[in-house]
$ cat run-v9.cif   # mmCIF, C-alpha atoms
data_protein
loop_
_atom_site.label_atom_id
_atom_site.label_comp_id
_atom_site.auth_asym_id
_atom_site.auth_seq_id
_atom_site.Cartn_x
_atom_site.Cartn_y
_atom_site.Cartn_z
CA MET E 1108 5.66 -16.79 -21.06
CA GLY E 1109 2.40 -15.34 -22.46
CA ASP E 1110 0.12 -16.70 -19.69
CA GLU E 1111 -2.29 -14.78 -17.49
CA LEU E 1112 -2.62 -14.74 -13.72
CA ALA E 1113 -5.94 -13.29 -12.54
CA GLY E 1114 -6.00 -11.80 -9.07
CA ILE E 1115 -8.23 -9.52 -7.06
CA GLN E 1116 -8.68 -6.19 -8.90
CA ALA E 1117 -6.03 -6.94 -11.53
CA THR E 1118 -4.75 -9.49 -14.04
CA TRP E 1119 -1.11 -9.91 -15.01
CA GLU E 1120 -0.20 -11.15 -18.48
CA PHE E 1121 3.34 -12.47 -18.81
CA GLU E 1122 5.05 -11.70 -22.13
CA THR E 1123 8.59 -12.45 -23.25
CA ASP E 1124 9.89 -8.97 -22.43
CA SER E 1125 7.32 -7.46 -20.07
CA VAL E 1126 4.34 -7.86 -17.77
CA ILE E 1127 1.03 -6.34 -18.86
CA ILE E 1128 -1.06 -5.30 -15.84
CA ARG E 1129 -4.77 -4.82 -16.48
CA PHE E 1130 -6.78 -3.31 -13.66
CA GLU E 1131 -10.43 -3.98 -12.96
CA ARG E 1132 -12.79 -1.03 -13.13
CA GLY E 1133 -15.42 -2.18 -10.64
CA HIS E 1134 -16.65 0.09 -7.87
CA ARG E 1135 -14.51 -1.76 -5.31
CA ALA E 1136 -11.27 -1.15 -7.17
CA PRO E 1137 -9.17 1.84 -6.06
CA LYS E 1138 -9.88 4.86 -8.24
CA LEU E 1139 -6.20 5.02 -9.15
CA PHE E 1140 -6.44 1.54 -10.70
CA GLN E 1141 -9.52 2.56 -12.63
CA THR E 1142 -7.64 5.56 -14.00
CA LEU E 1143 -4.53 3.58 -14.95
CA ARG E 1144 -6.55 0.80 -16.67
CA GLU E 1145 -3.52 -0.98 -18.17
CA ARG E 1146 0.25 -0.73 -17.80
CA ARG E 1147 3.15 -2.41 -19.58
CA ILE E 1148 6.09 -3.08 -17.25
CA PRO E 1149 9.27 -4.10 -19.12
CA HIS E 1150 11.44 -6.62 -17.31
CA GLU E 1151 14.26 -4.06 -17.36
CA ALA E 1152 12.14 -1.82 -15.13
CA LEU E 1153 11.93 -4.37 -12.29
CA ALA E 1154 14.17 -4.52 -9.25
CA SER E 1155 12.76 -7.54 -7.40
CA VAL E 1156 9.86 -9.99 -7.19
CA THR E 1157 8.45 -11.34 -3.94
CA LEU E 1158 5.55 -13.51 -2.81
CA SER E 1159 4.24 -13.07 0.73
CA PRO E 1160 1.14 -13.86 2.83
CA GLY E 1161 -1.67 -11.31 2.52
CA LYS E 1162 -4.75 -10.58 4.60
CA ARG E 1163 -7.78 -12.81 5.01
CA GLY E 1164 -6.59 -15.88 3.14
CA THR E 1165 -4.62 -14.24 0.35
CA VAL E 1166 -1.09 -14.07 -0.96
CA VAL E 1167 0.57 -11.05 -2.58
CA LEU E 1168 2.80 -11.14 -5.63
CA HIS E 1169 4.84 -7.94 -5.68
CA ALA E 1170 7.13 -6.80 -8.47
CA ALA E 1171 9.00 -3.74 -7.22
CA PRO E 1172 10.17 -1.22 -9.84
CA ARG E 1173 13.73 0.06 -10.01
CA PRO E 1174 14.32 3.64 -8.88
CA GLY E 1175 13.89 5.94 -11.85
CA ALA E 1176 12.02 3.39 -13.98
CA ASP E 1177 8.42 4.50 -13.47
CA PRO E 1178 7.41 8.19 -13.40
CA LEU E 1179 4.22 7.34 -11.50
CA MET E 1180 6.15 5.78 -8.62
CA GLU E 1181 8.80 8.49 -8.75
CA ALA E 1182 6.12 11.16 -8.35
CA ALA E 1183 4.44 9.17 -5.56
CA ALA E 1184 7.76 9.02 -3.68
CA GLY E 1185 6.56 6.26 -1.33
CA GLN E 1186 3.30 8.01 -0.39
CA LEU E 1187 0.85 5.50 -1.89
CA LYS E 1188 -1.14 3.31 0.44
CA GLU E 1189 -0.39 -0.39 0.14
CA ALA E 1190 -3.81 -1.13 -1.37
CA CYS E 1191 -3.13 1.39 -4.16
CA ASP E 1192 0.30 0.02 -5.11
CA PRO E 1193 -0.06 -0.90 -8.81
CA TYR E 1194 2.77 -3.42 -8.50
CA ARG E 1195 0.89 -5.66 -6.04
CA LEU E 1196 -1.25 -8.56 -7.22
CA VAL E 1197 -3.47 -10.01 -4.49
CA LEU E 1198 -4.52 -13.64 -5.01
CA PRO E 1199 -6.51 -16.27 -3.10
CA ALA E 1200 -4.20 -18.39 -0.97
CA ASP E 1201 -5.09 -21.53 -2.93
CA ARG E 1202 -3.24 -20.01 -5.92
CA GLU E 1203 0.02 -19.67 -4.02
CA THR E 1204 1.78 -22.48 -5.91
CA LEU E 1205 0.88 -20.94 -9.26
CA ALA E 1206 1.92 -17.49 -8.05
CA GLU E 1207 5.28 -18.87 -6.88
CA TYR E 1208 5.82 -20.35 -10.33
CA TYR E 1209 5.34 -16.97 -12.01
CA ALA E 1210 7.43 -15.24 -9.37
CA ASP E 1211 10.30 -17.60 -10.19
CA GLU E 1212 9.78 -16.98 -13.92
CA LEU E 1213 10.04 -13.24 -13.38
CA ARG E 1214 13.08 -13.51 -11.14
CA ALA E 1215 14.82 -15.45 -13.90
CA VAL E 1216 14.46 -12.56 -16.37
CA LEU E 1217 15.39 -9.67 -14.07
CA PRO E 1218 18.26 -7.58 -15.48
CA SER E 1219 21.73 -8.24 -14.12
CA ASP E 1220 21.87 -4.72 -12.66
CA ALA E 1221 18.36 -4.83 -11.18
CA ASP E 1222 19.66 -3.40 -7.90
CA ARG E 1223 20.77 -0.17 -9.60
CA PRO E 1224 18.65 2.87 -10.52
CA VAL E 1225 17.98 3.65 -14.18
CA ASP E 1226 18.47 7.01 -15.85
CA ARG E 1227 15.46 6.83 -18.20
CA TYR E 1228 11.83 5.95 -17.58
CA ALA E 1229 11.01 2.49 -18.88
CA VAL E 1230 7.31 2.53 -17.91
CA ALA E 1231 5.00 4.91 -19.74
CA ALA E 1232 3.11 7.57 -17.81
CA PRO E 1233 -0.61 8.18 -18.38
CA SER E 1234 -1.19 10.05 -21.63
CA ALA E 1235 -2.15 13.72 -21.93
CA PRO E 1236 -4.44 15.58 -21.98
CA LEU E 1237 -4.95 15.46 -18.23
CA ASN E 1238 -6.52 17.81 -15.72
CA PHE E 1239 -7.63 18.05 -12.11
CA LYS E 1240 -9.24 20.53 -9.73
CA ALA E 1241 -7.40 21.75 -6.64
CA TYR E 1242 -8.45 23.92 -3.70
CA ASP E 1243 -7.12 27.14 -5.21
CA GLY E 1244 -7.28 26.44 -8.93
CA LYS E 1245 -7.43 24.02 -11.85
CA ALA E 1246 -4.55 22.35 -13.66
CA SER E 1247 -4.43 21.09 -17.23
CA PHE E 1248 -1.65 19.44 -19.23
CA ASP E 1249 -1.70 18.95 -22.99
CA GLY E 1250 1.64 17.16 -23.31
CA SER E 1251 3.73 20.26 -23.96
CA ARG E 1252 2.63 22.76 -21.34
CA VAL E 1253 0.97 22.96 -17.92
CA ASP E 1254 -1.71 25.58 -17.29
CA PHE E 1255 -2.96 26.79 -13.90
CA ARG E 1256 -6.27 28.67 -13.67
CA TRP E 1257 -6.96 30.19 -10.27
CA SER E 1258 -10.20 29.70 -8.34
CA TRP E 1259 -12.00 32.84 -7.17
CA ALA E 1260 -12.95 31.11 -3.93
CA GLY E 1261 -9.64 29.51 -2.93
CA ALA E 1262 -6.71 31.33 -4.52
CA SER E 1263 -4.75 33.89 -2.53
CA SER E 1264 -4.51 37.53 -3.56
CA ALA E 1265 -0.88 36.88 -4.48
CA LYS E 1266 -1.89 34.25 -7.03
CA TRP E 1267 -4.68 36.43 -8.40
CA LYS E 1268 -2.18 39.25 -8.78
CA ALA E 1269 0.23 36.95 -10.64
CA GLY E 1270 -2.58 35.85 -12.97
CA ASP E 1271 -3.24 32.49 -14.56
CA GLN E 1272 -0.05 30.61 -15.36
CA CYS E 1273 1.36 28.71 -18.34
CA PHE E 1274 4.49 26.55 -17.98
CA PRO E 1275 6.12 25.06 -21.11
CA VAL E 1276 7.59 21.65 -20.29
CA ASP E 1277 11.05 22.65 -21.50
CA GLU E 1278 11.14 25.32 -18.78
CA LEU E 1279 10.59 22.76 -16.01
CA SER E 1280 13.03 20.47 -14.23
CA GLY E 1281 10.61 18.40 -12.13
CA VAL E 1282 7.45 18.08 -10.07
CA GLU E 1283 6.75 17.82 -6.35
CA TRP E 1284 3.62 15.91 -5.32
CA ARG E 1285 2.36 15.55 -1.76
CA THR E 1286 -0.61 13.26 -1.37
CA PRO E 1287 -3.96 14.96 -0.68
CA GLU E 1288 -4.58 12.32 1.97
CA ALA E 1289 -2.07 14.17 4.18
CA LEU E 1290 -4.46 17.17 4.53
CA ASP E 1291 -1.66 19.46 3.32
CA GLY E 1292 -1.23 17.99 -0.14
CA TYR E 1293 -0.04 19.98 -3.10
CA LEU E 1294 1.48 19.84 -6.56
CA ARG E 1295 4.35 22.18 -7.26
CA LEU E 1296 6.20 22.56 -10.55
CA VAL E 1297 9.96 22.86 -10.22
CA ARG E 1298 11.25 25.40 -12.69
CA ARG E 1299 14.75 25.77 -14.00
CA ALA E 1300 16.37 28.57 -12.03
CA ASN E 1301 19.73 30.26 -11.82
CA PRO E 1302 20.65 30.30 -9.02
CA PRO E 1303 18.62 27.26 -7.87
CA VAL E 1304 15.66 27.96 -5.61
CA ASP E 1305 15.56 26.07 -2.30
CA ASP E 1306 13.12 25.73 0.59
CA THR E 1307 14.50 28.81 2.32
CA THR E 1308 13.95 31.18 -0.61
CA ARG E 1309 10.94 29.98 -2.55
CA PRO E 1310 7.50 31.38 -1.71
CA ALA E 1311 4.93 29.67 0.49
CA LEU E 1312 2.50 27.41 -1.31
CA ASP E 1313 -0.41 29.83 -1.14
CA LYS E 1314 1.71 32.54 -2.78
CA ASP E 1315 3.65 30.39 -5.25
CA PRO E 1316 2.20 30.69 -8.79
CA ALA E 1317 3.88 27.37 -9.66
CA ALA E 1318 1.96 25.47 -6.94
CA LEU E 1319 -1.58 24.23 -6.38
CA MET E 1320 -2.89 23.28 -2.93
CA PHE E 1321 -5.26 20.32 -2.84
CA GLY E 1322 -7.57 20.66 0.16
CA LEU E 1323 -10.39 18.31 1.13
CA ASN E 1324 -11.55 16.17 -1.84
CA LYS E 1325 -9.48 18.29 -4.23
CA GLY E 1326 -6.51 17.08 -6.25
CA GLN E 1327 -7.39 13.48 -5.46
CA VAL E 1328 -4.73 10.79 -5.90
CA HIS E 1329 -6.27 9.22 -9.00
CA GLU E 1330 -6.29 12.63 -10.72
CA SER E 1331 -3.25 14.52 -9.49
CA LEU E 1332 -0.72 11.65 -9.34
CA PRO E 1333 -1.13 10.54 -12.99
CA PHE E 1334 -0.93 14.24 -13.87
CA ALA E 1335 2.38 14.61 -12.02
CA ALA E 1336 3.75 11.45 -13.63
CA ALA E 1337 2.83 12.62 -17.14
CA VAL E 1338 4.55 15.95 -16.57
CA LEU E 1339 7.67 14.20 -15.22
CA GLU E 1340 7.86 11.96 -18.28
CA SER E 1341 7.50 14.94 -20.62
CA VAL E 1342 10.20 16.83 -18.70
CA GLN E 1343 12.57 13.91 -19.19
CA ASN E 1344 11.69 13.60 -22.87
CA SER E 1345 12.37 17.32 -23.32
CA GLY E 1346 15.96 16.73 -22.30
CA SER E 1347 15.79 18.26 -18.82
CA PRO E 1348 16.60 15.67 -16.12
CA PRO E 1349 13.68 15.38 -13.66
CA ALA E 1350 14.41 16.83 -10.25
CA MET E 1351 12.31 15.40 -7.44
CA ALA E 1352 12.29 17.29 -4.19
CA MET E 1353 10.29 15.13 -1.82
CA GLN E 1354 13.18 14.31 0.48
CA ALA E 1355 12.51 14.70 4.17
CA CYS E 1356 13.62 18.20 5.13
CA ARG E 1357 12.63 21.11 7.29
CA ARG E 1358 9.86 23.19 5.76
CA ASP E 1359 9.56 26.96 5.42
CA PRO E 1360 7.98 28.34 8.65
CA ALA E 1361 5.66 30.54 6.57
CA ASP E 1362 4.51 27.45 4.67
CA ILE E 1363 3.87 25.61 7.94
CA ALA E 1364 1.91 28.57 9.30
CA GLU E 1365 -0.23 28.70 6.19
CA ARG E 1366 -0.91 24.95 6.35
CA ILE E 1367 -1.99 25.26 9.99
CA ARG E 1368 -4.24 28.20 9.09
CA HIS E 1369 -5.88 26.18 6.32
CA LEU E 1370 -6.23 23.19 8.63
CA GLY E 1371 -7.91 25.46 11.17
CA GLU E 1372 -10.43 26.58 8.55
CA LEU E 1373 -11.30 22.96 7.81
CA HIS E 1374 -11.66 22.34 11.53
CA LEU E 1375 -13.96 25.32 12.05
CA ALA E 1376 -16.05 24.22 9.08
CA GLY E 1377 -16.53 20.83 10.72
CA LEU E 1378 -14.63 19.00 7.97
CA VAL E 1379 -11.83 17.88 10.30
CA THR E 1380 -12.40 16.38 13.75
CA ASP E 1381 -10.78 17.71 16.94
CA GLU E 1382 -8.51 14.67 17.04
CA GLU E 1383 -7.49 15.02 13.37
CA PHE E 1384 -6.82 18.73 13.85
CA SER E 1385 -4.62 18.21 16.93
CA SER E 1386 -2.73 15.31 15.37
CA LYS E 1387 -2.03 17.06 12.07
CA LYS E 1388 -1.10 20.34 13.73
CA ALA E 1389 1.46 18.48 15.85
CA GLN E 1390 2.88 16.82 12.71
CA LEU E 1391 3.24 20.17 10.97
CA LEU E 1392 4.90 21.82 13.95
CA ALA E 1393 7.35 18.92 14.13
CA GLU E 1394 8.54 19.77 10.60
CA LEU E 1395 9.84 23.19 11.72
#
$ encode --input "run-v9.cif" --output "structure tokens"
Amino acid sequence: MGDELAGIQATWEFETDSVIIRFERGHRAPKLFQTLRERRIPHEALASVTLSPGKRGTVVLHAAPRPGADPLMEAAAGQLKEACDPYRLVLPADRETLAEYYADELRAVLPSDADRPVDRYAVAAPSAPLNFKAYDGKASFDGSRVDFRWSWAGASSAKWKAGDQCFPVDELSGVEWRTPEALDGYLRLVRRANPPVDDTTRPALDKDPAALMFGLNKGQVHESLPFAAAVLESVQNSGSPPAMAMQACRRDPADIAERIRHLGELHLAGLVTDEEFSSKKAQLLAEL
């Protein structure tokens, strides 16, 4: 192929073995797109290609990745808002015919087993070094290890007692990421353990030295999600199969209690409305 299709906030370049996605960096573009800048998506990483009507006179070309092909989407685990999906190209409706042409071209080169997951990442994660600031500390990743440095204002006494943490990649088996837009977002490193640690035995987030809690305007998507993806990719490259743990399950009651306490602090500080507080509290209680 080798042609380009320019859309709103991104341009797709079609090569013989991949699609190069270049994101705009204007102030209207999602911050995640500005952080990603450019991504190469091999055809082998794609599961399907669709074209559908969009909003306000647009059409949307969507190339869905195969499970296990992209560490960014694996870390996101379905939590990204539609507007922040890096696999969506929004185009004016008058370009529908051209978009359909490229959709057909892509469908023709999908792998024969496109409906099956892959066992190795085919799409590169953002490159280290990476860092972000959370509610109770700061995280940094240099490509071989993750460091947590606790905040004097937000970290619990348990984390201060444990001290700042360093996690070599080869001692990890995965990453959990919960979007900060959920008000109870966090990033937790999954360490190799014998016997395995589950939700009933591991410590609550505020006491877990392998976890950072996001809080309001902390650990934002465009910072913490690329971070999680980069760590996942390095875990896989180290020879330890990534273990994601974002499946729907019942949460530790102590964890729920701590999340409600933190939500109450935000409410008292005027950072969360009465309606938001009641709604989120009900959601958390429903997870018990």
$ closest_residue --input "run-v9.cif" --among "E:Ala1269, E:Met1320, E:Leu1179, E:Ala1376" --to "Leu1332 in chain E" --atoms "only C-alpha atoms"
E:Leu1179
$ atom_distance --input "run-v9.cif" --atom1 "CA of Glu1145 in chain E" --atom2 "CA of Phe1255 in chain E"
28.1 Å
$ resolve_selection --input "run-v9.cif" --expression "the PyMOL selection byres ((chain E and resi 1184) around 12)" --output "list in words"
Pro1174, Gly1175, Asp1177, Pro1178, Leu1179, Met1180, Glu1181, Ala1182, Ala1183, Gly1185, Gln1186, Leu1187, Lys1188, Asp1192, Val1282, Glu1283, Trp1284, Arg1285, Thr1286, Leu1332, Ala1335, Ala1336, Met1351, Ala1352, Met1353, Gln1354 and Ala1355 of chain E
$ closest_atom_pairs --input "run-v9.cif" --of "range 1211-1285 of chain E" --to "range 1293-1300 of chain E" --cutoff "10 Å" --atoms "all atoms listed in the file" --output "JSON lines"
{"residue": "E:Ala1241", "atom": "CA", "partner": "E:Tyr1293", "partner_atom": "CA", "distance": 8.4}
{"residue": "E:Tyr1242", "atom": "CA", "partner": "E:Tyr1293", "partner_atom": "CA", "distance": 9.3}
{"residue": "E:Ala1246", "atom": "CA", "partner": "E:Leu1294", "partner_atom": "CA", "distance": 9.6}
{"residue": "E:Val1253", "atom": "CA", "partner": "E:Leu1296", "partner_atom": "CA", "distance": 9.0}
{"residue": "E:Phe1274", "atom": "CA", "partner": "E:Leu1296", "partner_atom": "CA", "distance": 8.6}
{"residue": "E:Pro1275", "atom": "CA", "partner": "E:Arg1298", "partner_atom": "CA", "distance": 9.9}
{"residue": "E:Val1276", "atom": "CA", "partner": "E:Arg1298", "partner_atom": "CA", "distance": 9.2}
{"residue": "E:Asp1277", "atom": "CA", "partner": "E:Arg1299", "partner_atom": "CA", "distance": 8.9}
{"residue": "E:Glu1278", "atom": "CA", "partner": "E:Arg1299", "partner_atom": "CA", "distance": 6.0}
{"residue": "E:Leu1279", "atom": "CA", "partner": "E:Arg1298", "partner_atom": "CA", "distance": 4.3}
{"residue": "E:Ser1280", "atom": "CA", "partner": "E:Arg1298", "partner_atom": "CA", "distance": 5.5}
{"residue": "E:Gly1281", "atom": "CA", "partner": "E:Val1297", "partner_atom": "CA", "distance": 4.9}
{"residue": "E:Val1282", "atom": "CA", "partner": "E:Leu1296", "partner_atom": "CA", "distance": 4.7}
{"residue": "E:Glu1283", "atom": "CA", "partner": "E:Arg1295", "partner_atom": "CA", "distance": 5.1}
{"residue": "E:Trp1284", "atom": "CA", "partner": "E:Leu1294", "partner_atom": "CA", "distance": 4.6}
{"residue": "E:Arg1285", "atom": "CA", "partner": "E:Tyr1293", "partner_atom": "CA", "distance": 5.2}
$ residues_around --input "run-v9.cif" --residues "range 1197-1202 of chain E" --least-positions-apart "3" --cutoff "10 Å" --atoms "all atoms listed in the file" --output "short mmCIF file (atom, residue, chain, number, x, y, z; two decimals) with C-alpha atoms, in the frame of the given file"
data_model
loop_
_atom_site.label_atom_id
_atom_site.label_comp_id
_atom_site.auth_asym_id
_atom_site.auth_seq_id
_atom_site.Cartn_x
_atom_site.Cartn_y
_atom_site.Cartn_z
CA LEU E 1112 -2.62 -14.74 -13.72
CA ALA E 1113 -5.94 -13.29 -12.54
CA GLY E 1114 -6.00 -11.80 -9.07
CA ILE E 1115 -8.23 -9.52 -7.06
CA GLN E 1116 -8.68 -6.19 -8.90
CA ALA E 1117 -6.03 -6.94 -11.53
CA THR E 1118 -4.75 -9.49 -14.04
CA LEU E 1158 5.55 -13.51 -2.81
CA SER E 1159 4.24 -13.07 0.73
CA PRO E 1160 1.14 -13.86 2.83
CA GLY E 1161 -1.67 -11.31 2.52
CA LYS E 1162 -4.75 -10.58 4.60
CA ARG E 1163 -7.78 -12.81 5.01
CA GLY E 1164 -6.59 -15.88 3.14
CA THR E 1165 -4.62 -14.24 0.35
CA VAL E 1166 -1.09 -14.07 -0.96
CA VAL E 1167 0.57 -11.05 -2.58
CA LEU E 1168 2.80 -11.14 -5.63
CA HIS E 1169 4.84 -7.94 -5.68
CA ALA E 1190 -3.81 -1.13 -1.37
CA TYR E 1194 2.77 -3.42 -8.50
CA LEU E 1205 0.88 -20.94 -9.26
CA ALA E 1206 1.92 -17.49 -8.05
CA GLU E 1207 5.28 -18.87 -6.88
#
$ residues_around --input "run-v9.cif" --residues "Arg1223 in chain E" --least-positions-apart "2" --cutoff "10 Å" --atoms "all atoms listed in the file" --output "ChimeraX atom specification"
/E:1154,1173-1175,1218-1221,1225-1226
$ resolve_selection --input "run-v9.cif" --expression "the PyMOL selection byres ((chain E and resi 1316) around 12)" --output "PDB file with C-alpha atoms, keeping the file's coordinate frame"
ATOM      1  CA  ASP E1243      -7.120  27.140  -5.210  1.00  0.00           C
ATOM      2  CA  GLY E1244      -7.280  26.440  -8.930  1.00  0.00           C
ATOM      3  CA  ALA E1246      -4.550  22.350 -13.660  1.00  0.00           C
ATOM      4  CA  ASP E1254      -1.710  25.580 -17.290  1.00  0.00           C
ATOM      5  CA  PHE E1255      -2.960  26.790 -13.900  1.00  0.00           C
ATOM      6  CA  ARG E1256      -6.270  28.670 -13.670  1.00  0.00           C
ATOM      7  CA  TRP E1257      -6.960  30.190 -10.270  1.00  0.00           C
ATOM      8  CA  ALA E1262      -6.710  31.330  -4.520  1.00  0.00           C
ATOM      9  CA  SER E1263      -4.750  33.890  -2.530  1.00  0.00           C
ATOM     10  CA  SER E1264      -4.510  37.530  -3.560  1.00  0.00           C
ATOM     11  CA  ALA E1265      -0.880  36.880  -4.480  1.00  0.00           C
ATOM     12  CA  LYS E1266      -1.890  34.250  -7.030  1.00  0.00           C
ATOM     13  CA  TRP E1267      -4.680  36.430  -8.400  1.00  0.00           C
ATOM     14  CA  LYS E1268      -2.180  39.250  -8.780  1.00  0.00           C
ATOM     15  CA  ALA E1269       0.230  36.950 -10.640  1.00  0.00           C
ATOM     16  CA  GLY E1270      -2.580  35.850 -12.970  1.00  0.00           C
ATOM     17  CA  ASP E1271      -3.240  32.490 -14.560  1.00  0.00           C
ATOM     18  CA  GLN E1272      -0.050  30.610 -15.360  1.00  0.00           C
ATOM     19  CA  CYS E1273       1.360  28.710 -18.340  1.00  0.00           C
ATOM     20  CA  PHE E1274       4.490  26.550 -17.980  1.00  0.00           C
ATOM     21  CA  LEU E1294       1.480  19.840  -6.560  1.00  0.00           C
ATOM     22  CA  ARG E1295       4.350  22.180  -7.260  1.00  0.00           C
ATOM     23  CA  LEU E1296       6.200  22.560 -10.550  1.00  0.00           C
ATOM     24  CA  VAL E1297       9.960  22.860 -10.220  1.00  0.00           C
ATOM     25  CA  ARG E1298      11.250  25.400 -12.690  1.00  0.00           C
ATOM     26  CA  ARG E1309      10.940  29.980  -2.550  1.00  0.00           C
ATOM     27  CA  PRO E1310       7.500  31.380  -1.710  1.00  0.00           C
ATOM     28  CA  ALA E1311       4.930  29.670   0.490  1.00  0.00           C
ATOM     29  CA  LEU E1312       2.500  27.410  -1.310  1.00  0.00           C
ATOM     30  CA  ASP E1313      -0.410  29.830  -1.140  1.00  0.00           C
ATOM     31  CA  LYS E1314       1.710  32.540  -2.780  1.00  0.00           C
ATOM     32  CA  ASP E1315       3.650  30.390  -5.250  1.00  0.00           C
ATOM     33  CA  ALA E1317       3.880  27.370  -9.660  1.00  0.00           C
ATOM     34  CA  ALA E1318       1.960  25.470  -6.940  1.00  0.00           C
ATOM     35  CA  LEU E1319      -1.580  24.230  -6.380  1.00  0.00           C
ATOM     36  CA  MET E1320      -2.890  23.280  -2.930  1.00  0.00           C
TER      37      MET E1320
END
$ residues_around --input "run-v9.cif" --residues "Ala1152 in chain E" --least-positions-apart "4" --cutoff "6 Å" --atoms "all atoms listed in the file" --output "CSV table (one decimal) with C-alpha atoms, keeping the file's coordinate frame"
chain,number,residue,atom,x,y,z
E,1172,PRO,CA,10.2,-1.2,-9.8
E,1173,ARG,CA,13.7,0.1,-10.0
E,1176,ALA,CA,12.0,3.4,-14.0
E,1229,ALA,CA,11.0,2.5,-18.9
$ residues_near_point --input "run-v9.cif" --point "(-13.2, 15.7, 2.0)" --cutoff "12 Å" --atoms "all atoms listed in the file" --output "compact mmCIF listing (two decimals) with C-alpha atoms, in the frame of the given file"
# COMPACT_ATOMS: atom_id res chain seq x y z
CA TYR E 1242 -8.45 23.92 -3.70
CA PRO E 1287 -3.96 14.96 -0.68
CA GLU E 1288 -4.58 12.32 1.97
CA ALA E 1289 -2.07 14.17 4.18
CA LEU E 1290 -4.46 17.17 4.53
CA PHE E 1321 -5.26 20.32 -2.84
CA GLY E 1322 -7.57 20.66 0.16
CA LEU E 1323 -10.39 18.31 1.13
CA ASN E 1324 -11.55 16.17 -1.84
CA LYS E 1325 -9.48 18.29 -4.23
CA GLY E 1326 -6.51 17.08 -6.25
CA GLN E 1327 -7.39 13.48 -5.46
CA LEU E 1373 -11.30 22.96 7.81
CA HIS E 1374 -11.66 22.34 11.53
CA ALA E 1376 -16.05 24.22 9.08
CA GLY E 1377 -16.53 20.83 10.72
CA LEU E 1378 -14.63 19.00 7.97
CA VAL E 1379 -11.83 17.88 10.30
CA THR E 1380 -12.40 16.38 13.75
$ closest_residue --input "run-v9.cif" --among "E:Glu1189, E:Asp1381, E:Glu1111, E:Glu1151" --to "Arg1129 in chain E" --atoms "all atoms listed in the file"
E:Glu1111
$ closest_residue --input "run-v9.cif" --among "E:His1134, E:Arg1147, E:Arg1195, E:Arg1227" --to "Gln1343 in chain E" --atoms "all atoms listed in the file"
E:Arg1227
$ build_atoms --input "run-v9.cif" --residues "range 1219-1229 of chain E" --atoms "N, CA, C and O atoms" --output "mmCIF file, in the frame of the given file"
data_model
loop_
_atom_site.group_PDB
_atom_site.id
_atom_site.type_symbol
_atom_site.label_atom_id
_atom_site.label_comp_id
_atom_site.auth_asym_id
_atom_site.auth_seq_id
_atom_site.Cartn_x
_atom_site.Cartn_y
_atom_site.Cartn_z
ATOM 1 N N SER E 1219 20.583 -7.952 -14.988
ATOM 2 C CA SER E 1219 21.730 -8.240 -14.120
ATOM 3 C C SER E 1219 22.022 -7.094 -13.155
ATOM 4 O O SER E 1219 22.601 -7.305 -12.085
ATOM 5 N N ASP E 1220 21.631 -5.885 -13.528
ATOM 6 C CA ASP E 1220 21.870 -4.720 -12.660
ATOM 7 C C ASP E 1220 20.571 -4.241 -12.034
ATOM 8 O O ASP E 1220 20.362 -3.032 -11.843
ATOM 9 N N ALA E 1221 19.681 -5.173 -11.704
ATOM 10 C CA ALA E 1221 18.360 -4.830 -11.180
ATOM 11 C C ALA E 1221 18.431 -4.028 -9.874
ATOM 12 O O ALA E 1221 17.474 -3.339 -9.520
ATOM 13 N N ASP E 1222 19.543 -4.121 -9.167
ATOM 14 C CA ASP E 1222 19.660 -3.400 -7.900
ATOM 15 C C ASP E 1222 20.100 -1.953 -8.084
ATOM 16 O O ASP E 1222 20.222 -1.203 -7.114
ATOM 17 N N ARG E 1223 20.293 -1.530 -9.333
ATOM 18 C CA ARG E 1223 20.770 -0.170 -9.600
ATOM 19 C C ARG E 1223 19.657 0.681 -10.201
ATOM 20 O O ARG E 1223 18.813 0.184 -10.951
ATOM 21 N N PRO E 1224 19.640 1.983 -9.906
ATOM 22 C CA PRO E 1224 18.650 2.870 -10.520
ATOM 23 C C PRO E 1224 18.878 2.983 -12.031
ATOM 24 O O PRO E 1224 19.968 2.678 -12.533
ATOM 25 N N VAL E 1225 17.855 3.412 -12.738
ATOM 26 C CA VAL E 1225 17.980 3.650 -14.180
ATOM 27 C C VAL E 1225 17.901 5.151 -14.430
ATOM 28 O O VAL E 1225 17.371 5.917 -13.624
ATOM 29 N N ASP E 1226 18.436 5.575 -15.576
ATOM 30 C CA ASP E 1226 18.470 7.010 -15.850
ATOM 31 C C ASP E 1226 17.392 7.449 -16.833
ATOM 32 O O ASP E 1226 17.291 8.642 -17.160
ATOM 33 N N ARG E 1227 16.567 6.492 -17.312
ATOM 34 C CA ARG E 1227 15.460 6.830 -18.200
ATOM 35 C C ARG E 1227 14.236 6.032 -17.789
ATOM 36 O O ARG E 1227 14.332 4.881 -17.369
ATOM 37 N N TYR E 1228 13.060 6.656 -17.900
ATOM 38 C CA TYR E 1228 11.830 5.950 -17.580
ATOM 39 C C TYR E 1228 11.598 4.819 -18.571
ATOM 40 O O TYR E 1228 11.696 5.006 -19.783
ATOM 41 N N ALA E 1229 11.296 3.647 -18.038
ATOM 42 C CA ALA E 1229 11.010 2.490 -18.880
ATOM 43 C C ALA E 1229 9.517 2.189 -18.937
ATOM 44 O O ALA E 1229 9.054 1.478 -19.823
#
